[in-house]
file coords.cif (mmCIF, C-alpha atoms)
data_final
#
loop_
_atom_site.label_atom_id
_atom_site.label_comp_id
_atom_site.auth_asym_id
_atom_site.auth_seq_id
_atom_site.Cartn_x
_atom_site.Cartn_y
_atom_site.Cartn_z
CA MET A 8 27.59 24.44 -1.88
CA PHE A 9 28.88 27.87 -1.00
CA LYS A 10 25.58 28.83 0.54
CA ARG A 11 25.45 25.90 2.90
CA HIS A 12 29.00 26.41 4.05
CA ALA A 13 28.53 30.14 4.50
CA MET A 14 25.74 29.36 6.90
CA LEU A 15 27.74 26.78 8.78
CA PRO A 16 31.20 28.09 9.61
CA VAL A 17 31.96 24.86 11.49
CA ILE A 18 31.87 22.92 8.24
CA VAL A 19 34.04 25.45 6.46
CA LEU A 20 36.63 24.89 9.13
CA ALA A 21 36.40 21.15 8.65
CA LEU A 22 37.04 21.51 4.94
CA CYS A 23 39.99 23.83 5.45
CA THR A 24 41.76 21.34 7.63
CA ALA A 25 40.72 18.60 5.19
CA GLY A 26 40.30 15.36 6.98
CA ALA A 27 40.53 16.66 10.53
CA VAL A 28 37.61 15.79 12.74
CA SER A 29 35.47 18.77 13.74
CA ALA A 30 32.82 19.31 16.40
CA GLY A 31 29.53 17.66 15.55
CA ASP A 32 31.20 14.99 13.42
CA ILE A 33 31.51 11.45 14.62
CA ALA A 34 35.22 10.67 14.96
CA PRO A 35 36.46 7.46 13.30
CA ALA A 36 37.01 5.85 16.69
CA ASP A 37 33.46 6.61 17.82
CA ILE A 38 31.64 5.07 14.87
CA GLU A 39 29.10 2.46 15.87
CA TYR A 40 29.05 -0.55 13.60
CA LYS A 41 26.18 -2.90 12.89
CA ASP A 42 27.35 -6.49 12.47
CA GLY A 43 30.83 -5.06 12.82
CA ARG A 44 30.73 -3.59 9.28
CA TRP A 45 27.80 -1.37 8.40
CA ILE A 46 27.15 2.14 9.67
CA GLU A 47 23.59 3.37 10.16
CA GLN A 48 24.22 6.74 11.71
CA PRO A 49 25.34 9.59 9.41
CA LEU A 50 28.77 10.98 10.30
CA THR A 51 27.50 14.57 10.46
CA ASP A 52 24.34 16.50 11.28
CA VAL A 53 24.16 17.98 7.78
CA ALA A 54 22.53 15.86 5.10
CA GLY A 55 24.87 14.90 2.27
CA ASP A 56 24.78 16.99 -0.90
CA PRO A 57 24.98 14.86 -4.07
CA ALA A 58 26.36 17.69 -6.24
CA ALA A 59 29.19 18.33 -3.78
CA GLY A 60 29.70 14.57 -3.55
CA ARG A 61 30.10 14.27 -7.30
CA LYS A 62 32.96 16.78 -7.10
CA VAL A 63 34.63 14.91 -4.26
CA PHE A 64 34.23 11.71 -6.29
CA VAL A 65 36.12 13.17 -9.25
CA ASN A 66 38.74 15.28 -7.43
CA ARG A 67 42.12 13.55 -7.60
CA LYS A 68 43.20 14.95 -4.25
CA LEU A 69 39.97 13.89 -2.51
CA GLY A 70 37.98 10.80 -3.49
CA ASN A 71 39.78 10.13 -6.77
CA CYS A 72 37.23 7.33 -7.12
CA LEU A 73 37.65 7.31 -10.92
CA ALA A 74 41.21 6.08 -10.43
CA CYS A 75 39.77 2.64 -9.76
CA HIS A 76 36.12 2.70 -10.84
CA VAL A 77 34.17 3.10 -14.04
CA ASN A 78 31.18 5.40 -13.61
CA SER A 79 29.15 6.19 -16.73
CA GLU A 80 27.37 9.02 -14.94
CA ILE A 81 30.63 11.01 -15.37
CA PRO A 82 31.24 10.72 -19.13
CA GLU A 83 32.96 14.11 -19.33
CA GLN A 84 35.99 12.78 -17.45
CA PRO A 85 38.26 10.62 -19.61
CA PHE A 86 40.03 7.55 -18.23
CA HIS A 87 38.05 5.58 -15.71
CA GLY A 88 40.10 3.00 -13.83
CA GLU A 89 39.35 -0.72 -13.69
CA ILE A 90 40.84 -1.83 -10.38
CA GLY A 91 37.45 -2.05 -8.66
CA PRO A 92 33.99 -2.91 -10.05
CA SER A 93 31.96 -0.43 -12.08
CA LEU A 94 29.87 1.79 -9.84
CA ASP A 95 27.05 2.00 -12.36
CA GLY A 96 23.84 1.29 -10.46
CA VAL A 97 25.65 0.93 -7.14
CA GLY A 98 22.97 2.99 -5.35
CA GLY A 99 20.49 0.27 -6.25
CA ARG A 100 22.71 -2.59 -5.12
CA TYR A 101 23.43 -1.44 -1.59
CA ASP A 102 21.56 0.41 1.11
CA MET A 103 22.99 3.46 2.85
CA PRO A 104 24.50 1.72 5.91
CA MET A 105 26.36 -0.66 3.58
CA LEU A 106 27.61 2.12 1.32
CA ARG A 107 28.72 4.11 4.36
CA GLY A 108 30.56 1.12 5.80
CA MET A 109 32.36 0.53 2.49
CA VAL A 110 33.40 4.12 1.87
CA VAL A 111 34.47 4.66 5.49
CA ASN A 112 36.66 1.56 5.43
CA MET A 113 36.35 -1.18 2.82
CA LYS A 114 38.90 -3.27 4.70
CA ASN A 115 36.54 -3.40 7.63
CA ALA A 116 33.34 -3.73 5.61
CA LEU A 117 34.06 -6.38 3.01
CA ASN A 118 37.61 -7.32 2.33
CA PRO A 119 40.55 -6.98 4.74
CA GLU A 120 42.90 -7.15 1.73
CA SER A 121 41.03 -4.54 -0.30
CA LEU A 122 42.95 -2.07 -2.37
CA MET A 123 40.32 0.55 -1.71
CA PRO A 124 41.59 3.12 0.79
CA GLY A 125 39.59 3.67 3.97
CA PHE A 126 38.31 7.18 3.32
CA TYR A 127 37.30 7.88 6.92
CA SER A 128 39.71 5.74 8.84
CA LEU A 129 42.84 6.44 10.83
CA ASP A 130 44.04 2.90 10.33
CA ASN A 131 46.64 4.03 7.77
CA GLY A 132 49.78 2.33 6.56
CA SER A 133 53.14 2.94 8.18
CA ARG A 134 55.28 5.91 7.07
CA THR A 135 52.29 8.13 6.34
CA LEU A 136 53.57 11.53 5.23
CA GLU A 137 53.57 13.94 8.12
CA LYS A 138 51.09 16.32 6.55
CA PHE A 139 48.53 13.51 6.35
CA ALA A 140 49.33 11.82 9.66
CA GLY A 141 46.37 11.52 12.01
CA LYS A 142 44.03 12.71 9.26
CA THR A 143 41.38 10.91 7.32
CA ILE A 144 41.43 11.12 3.51
CA LEU A 145 37.98 12.71 3.44
CA SER A 146 36.22 14.79 6.06
CA ALA A 147 33.01 13.41 7.57
CA GLN A 148 30.96 15.81 5.47
CA GLN A 149 32.76 14.85 2.28
CA VAL A 150 31.95 11.20 3.00
CA GLU A 151 28.28 12.03 3.52
CA ASP A 152 28.30 14.06 0.29
CA VAL A 153 29.84 11.17 -1.67
CA LEU A 154 27.30 8.79 -0.18
CA ALA A 155 24.43 11.07 -1.21
CA TYR A 156 25.91 11.05 -4.71
CA LEU A 157 26.33 7.24 -4.81
CA GLN A 158 22.66 6.90 -3.88
CA THR A 159 21.74 8.69 -7.08
CA LEU A 160 23.49 6.00 -9.17
CA LYS A 161 20.58 3.73 -9.79
CA MET B 22 29.60 -3.26 -19.03
CA THR B 23 27.10 -1.88 -16.52
CA GLN B 24 27.22 -5.12 -14.55
CA ASN B 25 29.61 -5.70 -11.71
CA PRO B 26 31.99 -8.49 -12.77
CA LEU B 27 32.60 -9.51 -9.15
CA ARG B 28 28.96 -10.16 -8.58
CA VAL B 29 27.97 -11.67 -11.91
CA PRO B 30 30.42 -14.50 -12.55
CA ALA B 31 28.35 -15.83 -15.46
CA LEU B 32 29.25 -12.69 -17.36
CA ILE B 33 32.98 -12.85 -16.71
CA ALA B 34 33.72 -14.81 -19.85
CA GLY B 35 31.85 -12.27 -21.95
CA LEU B 36 33.53 -9.38 -20.21
CA ALA B 37 36.97 -10.80 -20.81
CA LEU B 38 36.27 -10.58 -24.51
CA LEU B 39 35.00 -7.04 -24.25
CA LEU B 40 37.70 -5.65 -22.01
CA PRO B 41 40.44 -5.24 -24.60
CA LEU B 42 38.11 -2.79 -26.29
CA ALA B 43 37.39 -0.90 -23.09
CA GLY B 44 41.01 -0.57 -22.14
CA GLN B 45 43.79 -3.07 -22.21
CA ALA B 46 43.40 -5.89 -19.78
CA GLY B 47 47.01 -6.98 -19.80
CA PRO B 48 50.16 -6.37 -21.76
CA ASP B 49 49.79 -5.88 -25.49
CA GLU B 50 51.20 -8.23 -28.12
CA ASN B 51 53.75 -5.86 -29.64
CA VAL B 52 57.30 -6.96 -30.33
CA LEU B 53 60.22 -4.71 -29.39
CA THR B 54 62.81 -4.43 -32.09
CA ILE B 55 65.57 -1.86 -31.66
CA GLU B 56 68.04 -1.33 -34.46
CA ASP B 57 67.23 -4.77 -35.92
CA GLN B 58 67.74 -6.47 -32.56
CA THR B 59 64.61 -8.15 -31.19
CA ILE B 60 64.42 -7.77 -27.44
CA GLY B 61 62.38 -10.25 -25.42
CA THR B 62 59.79 -8.39 -23.37
CA ASP B 63 58.06 -11.47 -22.07
CA VAL B 64 59.63 -14.43 -20.23
CA PRO B 65 58.40 -17.11 -17.79
CA GLY B 66 58.71 -15.92 -14.18
CA PRO B 67 61.52 -17.27 -12.00
CA GLU B 68 60.55 -20.53 -10.33
CA GLY B 69 59.01 -20.10 -6.91
CA GLY B 70 58.43 -16.41 -7.63
CA PRO B 71 55.09 -14.66 -7.39
CA LEU B 72 54.69 -14.01 -11.13
CA ASP B 73 54.03 -16.73 -13.71
CA HIS B 74 55.06 -14.41 -16.47
CA LEU B 75 57.29 -11.39 -16.57
CA TYR B 76 56.55 -8.50 -18.87
CA SER B 77 58.64 -5.46 -19.56
CA GLY B 78 56.98 -2.14 -18.80
CA TRP B 79 57.30 -1.39 -22.52
CA ARG B 80 54.39 -3.76 -23.20
CA PHE B 81 52.01 -1.56 -21.22
CA ARG B 82 52.76 1.76 -22.87
CA THR B 83 50.90 3.34 -25.78
CA ALA B 84 52.04 2.69 -29.33
CA GLU B 85 53.39 6.25 -29.58
CA THR B 86 55.52 5.93 -26.45
CA GLN B 87 56.63 2.46 -27.52
CA SER B 88 57.79 3.63 -30.91
CA LEU B 89 60.16 6.19 -29.35
CA GLN B 90 62.13 3.28 -27.92
CA THR B 91 62.44 1.33 -31.16
CA ASP B 92 64.83 3.73 -32.81
CA ASP B 93 67.89 5.14 -31.07
CA PHE B 94 67.68 8.30 -33.16
CA GLU B 95 64.17 8.97 -31.91
CA ASN B 96 64.84 7.86 -28.33
CA PRO B 97 65.20 11.15 -26.41
CA ALA B 98 67.53 9.48 -23.88
CA PHE B 99 70.28 9.33 -26.46
CA THR B 100 71.25 12.97 -26.10
CA ALA B 101 72.38 12.15 -22.56
CA VAL B 102 73.91 8.84 -23.67
CA ASP B 103 76.00 10.60 -26.32
CA GLN B 104 77.21 13.14 -23.77
CA ALA B 105 78.14 10.33 -21.40
CA GLU B 106 80.11 8.62 -24.13
CA GLU B 107 82.24 11.75 -24.27
CA LEU B 108 82.49 11.90 -20.49
CA TRP B 109 83.76 8.32 -20.54
CA SER B 110 86.99 9.46 -22.12
CA THR B 111 87.24 12.87 -20.40
CA VAL B 112 89.98 13.20 -17.78
CA ASP B 113 88.67 14.44 -14.44
CA GLY B 114 90.04 14.64 -10.86
CA ALA B 115 93.47 14.88 -9.26
CA ALA B 116 94.56 11.44 -10.46
CA GLU B 117 94.19 12.73 -14.03
CA LYS B 118 92.29 9.75 -15.26
CA SER B 119 89.15 9.11 -17.29
CA CYS B 120 86.93 6.06 -17.07
CA GLU B 121 88.55 4.96 -20.30
CA SER B 122 92.05 5.04 -18.73
CA CYS B 123 91.17 1.94 -16.75
CA HIS B 124 88.15 0.44 -18.50
CA ASP B 125 89.06 0.97 -22.17
CA ASP B 126 86.15 0.37 -24.48
CA ALA B 127 82.87 0.43 -22.55
CA ALA B 128 81.28 -1.87 -25.14
CA THR B 129 83.54 -4.63 -23.85
CA SER B 130 84.30 -3.74 -20.23
CA MET B 131 80.77 -2.68 -19.28
CA LYS B 132 78.92 -5.45 -21.08
CA GLY B 133 76.69 -7.30 -18.60
CA VAL B 134 77.31 -4.88 -15.73
CA ARG B 135 73.79 -3.42 -15.59
CA ALA B 136 72.25 -6.89 -15.76
CA ALA B 137 73.95 -7.89 -12.50
CA MET B 138 73.29 -4.75 -10.45
CA PRO B 139 72.97 -4.30 -7.51
CA LYS B 140 76.11 -6.36 -6.93
CA TRP B 141 77.67 -7.42 -3.63
CA ASN B 142 80.88 -5.59 -2.77
CA ALA B 143 82.92 -7.26 -0.04
CA GLU B 144 85.09 -4.23 0.69
CA LEU B 145 82.03 -2.08 1.23
CA GLY B 146 80.15 -4.79 3.10
CA LYS B 147 77.00 -4.04 1.11
CA PRO B 148 75.74 -4.11 -2.46
CA HIS B 149 76.86 -1.53 -4.98
CA THR B 150 74.23 0.02 -7.18
CA LEU B 151 75.46 1.28 -10.52
CA GLU B 152 75.42 4.81 -9.09
CA THR B 153 77.48 4.02 -5.98
CA GLN B 154 79.94 2.00 -8.07
CA VAL B 155 80.49 4.85 -10.52
CA ASN B 156 80.99 7.26 -7.64
CA GLN B 157 83.45 4.96 -5.91
CA CYS B 158 85.56 4.96 -9.06
CA ARG B 159 85.33 8.73 -9.20
CA THR B 160 86.26 9.45 -5.59
CA ASP B 161 88.70 6.61 -4.81
CA ARG B 162 90.29 6.00 -8.19
CA MET B 163 90.08 9.33 -9.98
CA GLN B 164 90.15 11.60 -6.92
CA ALA B 165 87.25 13.46 -8.49
CA ASP B 166 84.07 14.75 -6.87
CA PRO B 167 81.19 12.30 -6.70
CA TRP B 168 78.22 12.96 -8.95
CA LYS B 169 74.83 13.54 -7.37
CA TRP B 170 72.48 10.57 -7.76
CA GLU B 171 70.02 12.37 -9.98
CA SER B 172 72.53 14.61 -11.79
CA GLY B 173 72.73 14.77 -15.55
CA GLN B 174 76.20 13.22 -15.51
CA MET B 175 75.18 10.27 -13.34
CA LEU B 176 71.98 9.59 -15.30
CA GLY B 177 73.80 9.85 -18.61
CA MET B 178 76.65 7.60 -17.45
CA THR B 179 74.34 4.93 -15.95
CA ALA B 180 72.29 5.00 -19.16
CA TYR B 181 75.44 4.66 -21.27
CA ILE B 182 76.75 1.79 -19.14
CA GLY B 183 73.30 0.15 -19.11
CA LEU B 184 73.12 0.34 -22.89
CA GLN B 185 76.14 -1.96 -23.12
CA SER B 186 73.96 -4.74 -21.62
CA ARG B 187 70.95 -4.14 -23.83
CA GLY B 188 69.30 -7.44 -24.72
CA MET B 189 71.07 -9.39 -21.95
CA PRO B 190 68.98 -11.12 -19.29
CA VAL B 191 68.76 -9.57 -15.83
CA ALA B 192 70.67 -11.88 -13.50
CA VAL B 193 71.18 -10.41 -10.07
CA GLN B 194 72.79 -12.44 -7.28
CA THR B 195 70.19 -13.52 -4.71
CA ASP B 196 72.12 -15.92 -2.51
CA GLY B 197 75.11 -15.58 -0.21
CA PRO B 198 75.52 -12.11 1.24
CA MET B 199 72.73 -10.78 -1.01
CA GLU B 200 70.13 -13.00 0.62
CA SER B 201 69.37 -10.73 3.57
CA TRP B 202 69.19 -7.67 1.31
CA ILE B 203 66.71 -9.39 -0.97
CA ALA B 204 64.68 -10.45 2.07
CA LYS B 205 64.62 -6.87 3.37
CA GLY B 206 63.57 -5.58 -0.05
CA LYS B 207 60.78 -8.13 -0.18
CA GLU B 208 59.49 -6.94 3.19
CA ILE B 209 59.37 -3.37 1.90
CA TYR B 210 57.67 -4.49 -1.32
CA TYR B 211 54.77 -6.11 0.51
CA GLU B 212 54.37 -3.57 3.30
CA ARG B 213 51.28 -1.41 3.13
CA VAL B 214 52.33 2.19 3.57
CA GLY B 215 51.00 5.71 3.49
CA GLN B 216 47.64 7.28 4.12
CA LEU B 217 46.27 5.27 1.17
CA ASP B 218 47.63 2.13 2.85
CA MET B 219 49.00 0.32 -0.19
CA ALA B 220 51.96 -1.90 -1.00
CA CYS B 221 53.94 -2.12 -4.23
CA SER B 222 52.40 -5.56 -4.70
CA ASN B 223 48.84 -4.20 -4.62
CA CYS B 224 49.42 -2.34 -7.86
CA HIS B 225 52.28 -4.14 -9.62
CA GLU B 226 51.52 -7.76 -8.72
CA ALA B 227 47.76 -8.02 -8.10
CA ASN B 228 46.59 -5.47 -10.67
CA TYR B 229 49.13 -5.18 -13.47
CA GLY B 230 47.43 -4.99 -16.83
CA LYS B 231 44.58 -2.89 -15.49
CA MET B 232 44.03 0.83 -15.87
CA ILE B 233 44.42 3.01 -12.80
CA ARG B 234 42.82 6.17 -14.13
CA ALA B 235 44.90 7.02 -17.24
CA ASP B 236 47.83 4.76 -16.32
CA HIS B 237 48.16 1.22 -17.60
CA LEU B 238 49.67 -0.65 -14.65
CA SER B 239 52.81 -2.64 -15.41
CA GLN B 240 54.70 -5.05 -13.19
CA GLY B 241 56.94 -2.21 -12.03
CA GLN B 242 60.05 -3.83 -13.47
CA ILE B 243 63.39 -1.98 -13.55
CA ASN B 244 65.03 -3.56 -16.60
CA GLY B 245 64.80 -0.31 -18.58
CA PHE B 246 66.41 2.08 -16.07
CA PRO B 247 67.43 4.79 -16.06
CA VAL B 248 64.35 5.58 -18.15
CA TYR B 249 63.56 8.68 -20.14
CA ARG B 250 60.18 9.78 -18.83
CA LEU B 251 58.22 12.21 -20.99
CA LYS B 252 56.63 13.57 -17.81
CA TRP B 253 60.06 14.31 -16.36
CA ALA B 254 61.33 15.57 -19.73
CA GLY B 255 64.52 13.70 -18.93
CA LEU B 256 66.12 10.59 -17.51
CA GLY B 257 65.32 9.38 -14.00
CA SER B 258 66.81 6.75 -11.74
CA ILE B 259 65.21 3.65 -10.26
CA HIS B 260 65.16 5.28 -6.84
CA ARG B 261 63.42 8.35 -8.20
CA ARG B 262 60.62 6.15 -9.52
CA PHE B 263 60.36 4.29 -6.20
CA LYS B 264 60.15 7.63 -4.45
CA GLY B 265 57.38 8.83 -6.75
CA CYS B 266 55.31 5.70 -6.25
CA MET B 267 55.60 6.02 -2.47
CA SER B 268 54.71 9.71 -2.46
CA ASN B 269 51.64 8.99 -4.59
CA ILE B 270 50.22 6.81 -1.86
CA ARG B 271 51.10 9.53 0.65
CA ALA B 272 53.93 7.59 2.26
CA GLU B 273 57.22 9.09 3.40
CA PRO B 274 59.62 7.73 0.76
CA TYR B 275 62.95 6.28 1.80
CA LYS B 276 65.91 8.42 0.80
CA VAL B 277 67.37 8.05 -2.66
CA GLY B 278 70.50 5.93 -2.19
CA SER B 279 69.35 4.62 1.22
CA ASP B 280 69.92 1.02 2.29
CA GLU B 281 66.15 0.52 2.11
CA PHE B 282 65.96 1.56 -1.54
CA ILE B 283 69.09 -0.46 -2.37
CA ALA B 284 67.42 -3.51 -0.80
CA LEU B 285 64.19 -2.77 -2.67
CA GLU B 286 66.14 -2.34 -5.92
CA ALA B 287 67.84 -5.70 -5.40
CA TYR B 288 64.53 -7.41 -4.70
CA VAL B 289 62.72 -5.81 -7.65
CA ALA B 290 65.66 -6.76 -9.87
CA SER B 291 65.30 -10.37 -8.69
CA ARG B 292 61.57 -10.27 -9.56
CA GLY B 293 62.61 -9.40 -13.09
CA ALA B 294 65.31 -12.05 -13.47
CA GLY B 295 65.39 -13.19 -17.09
CA LEU B 296 63.86 -10.05 -18.59
CA SER B 297 66.15 -8.30 -21.04
CA VAL B 298 67.94 -5.10 -20.13
CA GLU B 299 66.33 -2.32 -22.19
CA THR B 300 68.24 0.69 -20.93
CA PRO B 301 67.48 3.42 -21.82
CA SER B 302 63.70 2.89 -21.98
CA VAL B 303 61.12 5.53 -22.76
CA ARG B 304 58.06 5.95 -20.55
CA ASN B 305 55.19 8.42 -20.36
#

call {"tool": "encode", "arguments": {"input": "coords.cif", "output": "structure tokens"}}
result
Amino acid sequence: MFKRHAMLPVIVLALCTAGAVSAGDIAPADIEYKDGRWIEQPLTDVAGDPAAGRKVFVNRKLGNCLACHVNSEIPEQPFHGEIGPSLDGVGGRYDMPMLRGMVVNMKNALNPESLMPGFYSLDNGSRTLEKFAGKTILSAQQVEDVLAYLQTLK
Amino acid sequence: MTQNPLRVPALIAGLALLLPLAGQAGPDENVLTIEDQTIGTDVPGPEGGPLDHLYSGWRFRTAETQSLQTDDFENPAFTAVDQAEELWSTVDGAAEKSCESCHDDAATSMKGVRAAMPKWNAELGKPHTLETQVNQCRTDRMQADPWKWESGQMLGMTAYIGLQSRGMPVAVQTDGPMESWIAKGKEIYYERVGQLDMACSNCHEANYGKMIRADHLSQGQINGFPVYRLKWAGLGSIHRRFKGCMSNIRAEPYKVGSDEFIALEAYVASRGAGLSVETPSVRN
């Protein structure tokens, strides 16, 4: 992970400002949707890294996906939430454009009432804390990394 | 358990049987008995309300946390309660009065007070919370300094006063001048806020009983407040908990003591109408 970022200072910058859109990334407003929900084009030029994605998945300040999902590929972490469905085998259930659409914004992809936060959306609730205002929860690269990780869950 | 319950309805029945083993899909069946008094933690929801059944937050805690609340000697809140009992009869302020000077024995005069809070106050033109009521007595009637909302004195005193209603059903006024406050609180309760874009209802109405990471989601009832939270290593007010829940979803919380939180408190109290007062509860 360090190696890739060392070679690409642009990405390092993106991570530092966590959630801010950086050059080369597709901004939330510029995403092109297929059937209004799915997203075929990756959000960055750099292919997602599943190992980095696994970390984003676990990190409580980033994906915090375990808050709501069971995932038996991560047995070392205690306490998997049960708000959403188990993600076991999810990489086999959905193709990449579907997974990308769901992680970017579940409310747009599947369920307008979903409890799942839109991880690459600026369509936030009112009263968003100032330090998070105008920012996405994950950076474009973090989304691609998580997606690469989800694809390994077969 | 590797199947997705949403997509495999045929398995739902089987999963329902398995879930209690995996976590706890709902409140447990434990009975709360404190000092030989059995306290109802489970009542039918108010008619026309969103919840068929009301459960105290106690029913969602672990057996260890639960047991701390079943014995007043083990309940860590009682240090503060005992101190407040002394404060009750301590003279303070220029008028040289104590609470006791006017209210005598709290066990009689304060019985039922917590159960009816927040309570409309005509003079003020808005509802009193227990905190604002105590402070009004201090400033106007004792000529003493007000206590800070989250101060040890205020938390101890509101816990001590709340204790006098333990076992009594929550019965907050919802009509008359309280109606618009309840309506405002309801709006706040269902509004999606913060970067995570969630409403109180998303967690405490639609998903209570489920695990959110290590936390067993309750209905977010306030019948046990102020509660002793092990995480806080002390007592905390209703508004402090509201604030914490809002910050967790990355929303700018309303101010402790604000009209918005008073309205939210009144509405949440009305959602728990009929549950027994459990003050002071113990939470993790």

call {"tool": "residues_around", "arguments": {"input": "coords.cif", "residues": "A:Tyr101", "least_positions_apart": "6", "cutoff": "12 Å", "atoms": "all atoms listed in the file", "output": "count of residues only"}}
result
13

call {"tool": "atom_distance", "arguments": {"input": "coords.cif", "atom1": "atom CA of B:Val134", "atom2": "atom CA of B:Ser186"}}
result
6.8 Å

call {"tool": "interface_residues", "arguments": {"input": "coords.cif", "of": "chain A", "to": "chain B", "cutoff": "6 Å", "atoms": "all atoms listed in the file", "output": "list of chain:residue names"}}
result
A:Ala74, A:Cys75, A:Phe86, A:His87, A:Gly88, A:Glu89, A:Pro92, A:Ser93, A:Asp95, A:Pro124, A:Asn131, A:Gly132, A:Ser133, A:Arg134, A:Thr135, A:Leu136

call {"tool": "write_last_selection", "arguments": {"input": "coords.cif", "atoms": "C-alpha atoms", "output": "PDB file, in the frame of the given file"}}
result
ATOM      1  CA  ALA A  74      41.210   6.080 -10.430  1.00  0.00           C
ATOM      2  CA  CYS A  75      39.770   2.640  -9.760  1.00  0.00           C
ATOM      3  CA  PHE A  86      40.030   7.550 -18.230  1.00  0.00           C
ATOM      4  CA  HIS A  87      38.050   5.580 -15.710  1.00  0.00           C
ATOM      5  CA  GLY A  88      40.100   3.000 -13.830  1.00  0.00           C
ATOM      6  CA  GLU A  89      39.350  -0.720 -13.690  1.00  0.00           C
ATOM      7  CA  PRO A  92      33.990  -2.910 -10.050  1.00  0.00           C
ATOM      8  CA  SER A  93      31.960  -0.430 -12.080  1.00  0.00           C
ATOM      9  CA  ASP A  95      27.050   2.000 -12.360  1.00  0.00           C
ATOM     10  CA  PRO A 124      41.590   3.120   0.790  1.00  0.00           C
ATOM     11  CA  ASN A 131      46.640   4.030   7.770  1.00  0.00           C
ATOM     12  CA  GLY A 132      49.780   2.330   6.560  1.00  0.00           C
ATOM     13  CA  SER A 133      53.140   2.940   8.180  1.00  0.00           C
ATOM     14  CA  ARG A 134      55.280   5.910   7.070  1.00  0.00           C
ATOM     15  CA  THR A 135      52.290   8.130   6.340  1.00  0.00           C
ATOM     16  CA  LEU A 136      53.570  11.530   5.230  1.00  0.00           C
TER      17      LEU A 136
END

call {"tool": "axis_aligned_box", "arguments": {"input": "coords.cif", "around": "stretch 63-69 of chain A", "padding_each_side": "4 Å", "output": "AutoDock Vina command-line options"}}
result
--center_x 38.7 --center_y 13.5 --center_z -5.9 --size_x 17.0 --size_y 11.6 --size_z 14.7

call {"tool": "resolve_selection", "arguments": {"input": "coords.cif", "expression": "the PyMOL selection byres ((chain B and resi 192) around 8)", "output": "compact mmCIF listing (two decimals) with C-alpha atoms, in the coordinates of the input"}}
result
# COMPACT_ATOMS: atom_id res chain seq x y z
CA ALA B 136 72.25 -6.89 -15.76
CA ALA B 137 73.95 -7.89 -12.50
CA PRO B 190 68.98 -11.12 -19.29
CA VAL B 191 68.76 -9.57 -15.83
CA VAL B 193 71.18 -10.41 -10.07
CA GLN B 194 72.79 -12.44 -7.28
CA SER B 291 65.30 -10.37 -8.69
CA ALA B 294 65.31 -12.05 -13.47
CA GLY B 295 65.39 -13.19 -17.09

call {"tool": "resolve_selection", "arguments": {"input": "coords.cif", "expression": "the PyMOL selection byres ((chain A and resi 68) around 12)", "output": "list in words"}}
result
Ala25, Gly26, Lys62, Val63, Phe64, Val65, Asn66, Arg67, Leu69, Gly70, Asn71, Cys72, Leu73, Ala74, Phe126, Phe139, Ile144 and Leu145 of chain A; Leu217, Asn269, Ile270 and Arg271 of chain B

call {"tool": "closest_residue", "arguments": {"input": "coords.cif", "among": "B:Thr160, B:Gln104, B:Thr179, B:Ser130", "to": "B:Gly257", "atoms": "all atoms listed in the file"}}
result
B:Thr179

call {"tool": "resolve_selection", "arguments": {"input": "coords.cif", "expression": "the PyMOL selection byres ((chain B and resi 50) around 10)", "output": "list in words"}}
result
Gly47, Pro48, Asp49, Asn51, Val52, Leu53, Thr62, Asp63, Arg80 and Phe81 of chain B

call {"tool": "atom_distance", "arguments": {"input": "coords.cif", "atom1": "atom CA of A:Pro49", "atom2": "atom CA of A:Val111"}}
result
11.1 Å

call {"tool": "closest_residue", "arguments": {"input": "coords.cif", "among": "B:Pro167, B:Pro148, B:Gly188, B:Gly173", "to": "B:Glu56", "atoms": "all atoms listed in the file"}}
result
B:Gly188

call {"tool": "closest_residue", "arguments": {"input": "coords.cif", "among": "B:Glu208, B:Asp166, B:Asp57, B:Glu281", "to": "B:Ala116", "atoms": "all atoms listed in the file"}}
result
B:Asp166

call {"tool": "atom_distance", "arguments": {"input": "coords.cif", "atom1": "atom CA of B:Met138", "atom2": "atom CA of B:Gly69"}}
result
21.3 Å
